[in-house]
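Have a look at the structure below, then the notes.
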Amino acid sequence: MEIEIYADVICPWCYIGKRRLDEALASYPGEVTVRYRPFQLDPSPVAEPLPLVQALAGKFGGPERAQQMVAHVTQVAAADGLRLDYDRAVIANTFDAHRLVSYATDHGRAAEMVEALYQAHFNNGLDVGSREALATLAGTIGLDAADARRFLDSDERVTEVAAELATARDLGITSVPTFVLAGKYAVSGAQEVQTLLAALSEVEQREAAEGEQREAAEGEQREAAAR
């Protein structure tokens with residue numbers, strides 16, 4: 001089964017959702033391929049990497065409301081073993097970060113790259129909109145930092161990532177994480193591990209039943225053609 005994860009690397013619920021999916025897949029007996037699809041919470045250009053809490057205050061009704069939101073998601077993340085350091089996190093445009101995930105996918109390191117981006121943003125205060133910082137981060141997971149910087153400074157995957165972002169919009173995805181199972185079943189939000197496991201099992205059963213129906217139909221067609 002293929003799982004497509006639409007997410008943004010500066011989305012705390014996406015980080016939580018990835019951790020829960022990782023846990024679910026660790027105990028799921030079926031074969032699964034995970035593909036990371038881009039989504040941008042805010043595609044606006046970022047002139048400078050301002051503190052994330054400051055940016056949230058401007059969007060969601062002031063500092064008090066922003067602190068409430070931060071406290072809530074930090075508490076939820078902690079229950080899943082994740083640390084979110086909003087005192088260090090900075091706002092960033094993530095288009096190049098998504099391009100870097102595409103680059104890492106070509107080298108078989110997509111999962112490591114996504115995890116490194118989440119940690120860099122939420123734990124280390126890294127500006128994940130900086131190409132220099134992104135290239136250095138690529139080097140920490142075993143990729144060639146110089147080649148990653150060359151890639152980021154080029155136009156490679158710009159069109160492709162833009163097209164994938166458009167696909168997310170066309171699919172009606174407005175919140176993340178969104179998990180698309182077997183290309184047609186969507187699960188939205190940072191669902192609990194057991195909920196994800198149940199969804200995986202149900203989709204597996206549906207796909208198996210549809211496969212049997214197709215085989216039966218094809219068999220009937222062959223018999224009809226032979227008569």
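Ligands are numbered from 1 in the order shown, residues from 1 within each chain, and chains are lettered A, B, ... in the order they appear in the structure tokens.
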
Do you know which residues are at most 10 Å from Gln40 (chain A) counting only C-alpha atoms, after dropping those on the same chain fewer than 6 positions away, and could you put them as a ChimeraX atom specification?
/A:6-11,93-95,98,165,168,174-176

Residues within 9 Å of Ala92 (chain A), please, as a count of residues only. Count only C-alpha atoms; anything in the same chain fewer than 5 positions from it doesn't count.
13

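For the residues A:Ile3, A:Leu143, A:Leu134, A:Ala71, ranking by smallest atom-to-atom distance to Arg35 (chain A) using only C-alpha atoms places A:Ile3 first.
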
Closest of A:Thr167, A:Ser102, A:Thr136, A:Gln191 to Tyr15 (chain A) - atom-to-atom distances counting only C-alpha atoms:
A:Gln191

Once DSSP has gone over the backbone, tell me which residues of region 19-176 of chain A are in strand (DSSP E or B), as a PyMOL selection string.
chain A and resi 33-38+51+90

Would you write out those residues with N, CA, C and O atoms, as a compact mmCIF listing (two decimals), in the first residue's frame?
# COMPACT_ATOMS: atom_id res chain seq x y z
N THR A 33 4.59 1.73 1.35
CA THR A 33 5.52 2.71 0.79
C THR A 33 5.02 4.10 1.16
O THR A 33 3.85 4.42 0.92
N VAL A 34 5.89 4.91 1.76
CA VAL A 34 5.51 6.25 2.19
C VAL A 34 6.12 7.27 1.23
O VAL A 34 7.31 7.22 0.94
N ARG A 35 5.28 8.18 0.75
CA ARG A 35 5.76 9.26 -0.12
C ARG A 35 5.36 10.59 0.50
O ARG A 35 4.22 10.76 0.95
N TYR A 36 6.29 11.51 0.51
CA TYR A 36 6.07 12.81 1.14
C TYR A 36 5.69 13.82 0.07
O TYR A 36 6.41 14.03 -0.89
N ARG A 37 4.52 14.43 0.25
CA ARG A 37 4.00 15.41 -0.69
C ARG A 37 4.01 16.79 -0.05
O ARG A 37 3.71 16.94 1.14
N PRO A 38 4.31 17.82 -0.82
CA PRO A 38 4.43 19.17 -0.24
C PRO A 38 3.09 19.85 -0.02
O PRO A 38 2.13 19.66 -0.77
N PRO A 51 10.73 35.52 14.97
CA PRO A 51 10.30 34.47 15.90
C PRO A 51 8.90 33.98 15.55
O PRO A 51 8.00 34.79 15.25
N VAL A 90 11.61 29.86 14.15
CA VAL A 90 11.43 31.09 13.37
C VAL A 90 10.57 30.80 12.15
O VAL A 90 10.54 29.68 11.63

Excluding Asn124 (chain A) and any residue of its chain fewer than 3 positions from it, enumerate the residues within 10 Å of it, using only C-alpha atoms, and give them as number ranges by chain.
A: 84-90, 117-121, 127

If you count only C-alpha atoms, which residues fall within 12 Å of region 170-172 of chain A, apart from same-chain ones fewer than 4 positions away, as a VMD selection string?
chain A and resid 6 39 163 to 166 176 178 180 183 to 186 188

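One distance worth recording is that between CA of Arg157 (chain A) and CA of Val114 (chain A), which is 16.8 Å.
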
Quick one: pull the distance between CA of Val76 (chain A) and CA of Tyr28 (chain A), Å, one decimal.
23.5 Å

Going by DSSP on the backbone, which bits of region 41-92 of chain A are alpha helix (DSSP H)? Write them as a short mmCIF file (atom, residue, chain, number, x, y, z; two decimals) with N, CA and C atoms, in the first residue's frame, please.
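Below is the file that was written, out-v1.cif:
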data_model
loop_
_atom_site.label_atom_id
_atom_site.label_comp_id
_atom_site.auth_asym_id
_atom_site.auth_seq_id
_atom_site.Cartn_x
_atom_site.Cartn_y
_atom_site.Cartn_z
N LEU A 52 8.71 32.68 15.58
CA LEU A 52 7.44 32.10 15.14
C LEU A 52 6.27 32.56 16.01
N VAL A 53 6.49 32.67 17.31
CA VAL A 53 5.41 33.09 18.20
C VAL A 53 4.94 34.50 17.85
N GLN A 54 5.89 35.35 17.47
CA GLN A 54 5.53 36.71 17.06
C GLN A 54 4.66 36.69 15.81
N ALA A 55 5.01 35.83 14.87
CA ALA A 55 4.23 35.72 13.64
C ALA A 55 2.84 35.16 13.94
N LEU A 56 2.75 34.19 14.83
CA LEU A 56 1.46 33.62 15.18
C LEU A 56 0.56 34.65 15.86
N ALA A 57 1.16 35.48 16.68
CA ALA A 57 0.38 36.53 17.36
C ALA A 57 -0.26 37.46 16.35
N GLY A 58 0.45 37.76 15.28
CA GLY A 58 -0.09 38.64 14.26
C GLY A 58 -1.22 38.01 13.46
N LYS A 59 -1.24 36.68 13.40
CA LYS A 59 -2.24 35.98 12.59
C LYS A 59 -3.46 35.54 13.39
N PRO A 63 -0.72 38.15 21.23
CA PRO A 63 0.24 37.31 21.95
C PRO A 63 -0.40 36.28 22.89
N GLU A 64 -1.46 36.68 23.58
CA GLU A 64 -2.08 35.75 24.54
C GLU A 64 -2.66 34.53 23.83
N ARG A 65 -3.37 34.78 22.73
CA ARG A 65 -3.95 33.68 21.96
C ARG A 65 -2.85 32.80 21.38
N ALA A 66 -1.78 33.42 20.89
CA ALA A 66 -0.66 32.66 20.33
C ALA A 66 -0.02 31.77 21.39
N GLN A 67 0.16 32.29 22.58
CA GLN A 67 0.76 31.51 23.66
C GLN A 67 -0.13 30.34 24.06
N GLN A 68 -1.44 30.54 24.03
CA GLN A 68 -2.36 29.45 24.34
C GLN A 68 -2.24 28.33 23.31
N MET A 69 -2.18 28.72 22.05
CA MET A 69 -2.04 27.73 20.98
C MET A 69 -0.74 26.96 21.11
N VAL A 70 0.33 27.69 21.36
CA VAL A 70 1.65 27.08 21.50
C VAL A 70 1.69 26.13 22.68
N ALA A 71 1.12 26.55 23.80
CA ALA A 71 1.13 25.71 25.00
C ALA A 71 0.38 24.41 24.76
N HIS A 72 -0.75 24.51 24.05
CA HIS A 72 -1.56 23.31 23.80
C HIS A 72 -0.82 22.31 22.92
N VAL A 73 -0.32 22.78 21.77
CA VAL A 73 0.33 21.84 20.86
C VAL A 73 1.63 21.31 21.45
N THR A 74 2.32 22.12 22.26
CA THR A 74 3.54 21.66 22.92
C THR A 74 3.24 20.52 23.89
N GLN A 75 2.14 20.64 24.59
CA GLN A 75 1.73 19.60 25.54
C GLN A 75 1.36 18.30 24.81
N VAL A 76 0.62 18.43 23.71
CA VAL A 76 0.24 17.26 22.93
C VAL A 76 1.49 16.57 22.37
N ALA A 77 2.41 17.36 21.84
CA ALA A 77 3.65 16.80 21.27
C ALA A 77 4.47 16.08 22.33
N ALA A 78 4.53 16.65 23.53
CA ALA A 78 5.32 16.05 24.60
C ALA A 78 4.80 14.65 24.94
N ALA A 79 3.48 14.47 24.87
CA ALA A 79 2.89 13.16 25.16
C ALA A 79 3.32 12.12 24.13
#

Write out as a ChimeraX atom specification the residues lying within 12 Å of Glu132 (chain A), counting only C-alpha atoms and excluding same-chain residues fewer than 6 positions away.
/A:96-97,100,126,138-139,145-153

Write to file, as a tab-separated table (two decimals), in the first residue's frame, the residues of the selection just made, with N, CA and C atoms.
chain	number	residue	atom	x	y	z
A	96	ASP	N	11.66	25.81	-0.68
A	96	ASP	CA	12.96	25.16	-0.93
A	96	ASP	C	13.14	23.93	-0.03
A	97	ALA	N	12.55	23.95	1.15
A	97	ALA	CA	12.61	22.77	2.03
A	97	ALA	C	11.91	21.59	1.36
A	100	LEU	N	14.11	20.25	-1.23
A	100	LEU	CA	15.17	19.44	-0.65
A	100	LEU	C	14.67	18.03	-0.31
A	126	LEU	N	16.47	26.53	13.43
A	126	LEU	CA	17.08	26.71	12.11
A	126	LEU	C	16.10	27.39	11.17
A	138	ALA	N	21.25	18.93	5.04
A	138	ALA	CA	21.34	17.73	4.19
A	138	ALA	C	22.62	16.96	4.49
A	139	GLY	N	23.70	17.69	4.75
A	139	GLY	CA	24.97	17.04	5.07
A	139	GLY	C	24.91	16.24	6.35
A	145	ALA	N	26.48	17.97	1.03
A	145	ALA	CA	25.99	19.32	1.30
A	145	ALA	C	26.25	20.26	0.11
A	146	ALA	N	27.42	20.13	-0.51
A	146	ALA	CA	27.75	20.99	-1.64
A	146	ALA	C	26.82	20.72	-2.82
A	147	ASP	N	26.53	19.44	-3.06
A	147	ASP	CA	25.64	19.10	-4.17
A	147	ASP	C	24.22	19.54	-3.84
A	148	ALA	N	23.82	19.44	-2.58
A	148	ALA	CA	22.50	19.89	-2.18
A	148	ALA	C	22.37	21.40	-2.39
A	149	ARG	N	23.43	22.15	-2.09
A	149	ARG	CA	23.40	23.60	-2.30
A	149	ARG	C	23.33	23.91	-3.79
A	150	ARG	N	24.07	23.18	-4.60
A	150	ARG	CA	24.00	23.38	-6.06
A	150	ARG	C	22.58	23.15	-6.55
A	151	PHE	N	21.96	22.09	-6.04
A	151	PHE	CA	20.58	21.77	-6.41
A	151	PHE	C	19.64	22.90	-6.02
A	152	LEU	N	19.76	23.38	-4.80
A	152	LEU	CA	18.86	24.42	-4.31
A	152	LEU	C	19.05	25.73	-5.06
A	153	ASP	N	20.27	26.01	-5.49
A	153	ASP	CA	20.55	27.25	-6.22
A	153	ASP	C	20.14	27.17	-7.68

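Nearest to Cys14 (chain A) of all the residues A:Phe60, A:Arg131, A:Gly30, A:Ala190 is A:Ala190, counting only C-alpha atoms.
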
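Distances from A:Ala135, A:Ala182, A:Ala208, A:Glu192 to Ile16 (chain A) were compared using only C-alpha atoms, and the smallest one belongs to A:Glu192.
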
Between A:Gly62, A:Thr195, A:Arg99, A:Lys18, smallest distance to Ala111 (chain A) by only C-alpha atoms belongs to A:Lys18

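The space between CA of Met113 (chain A) and CA of Val193 (chain A) spans 22.3 Å.
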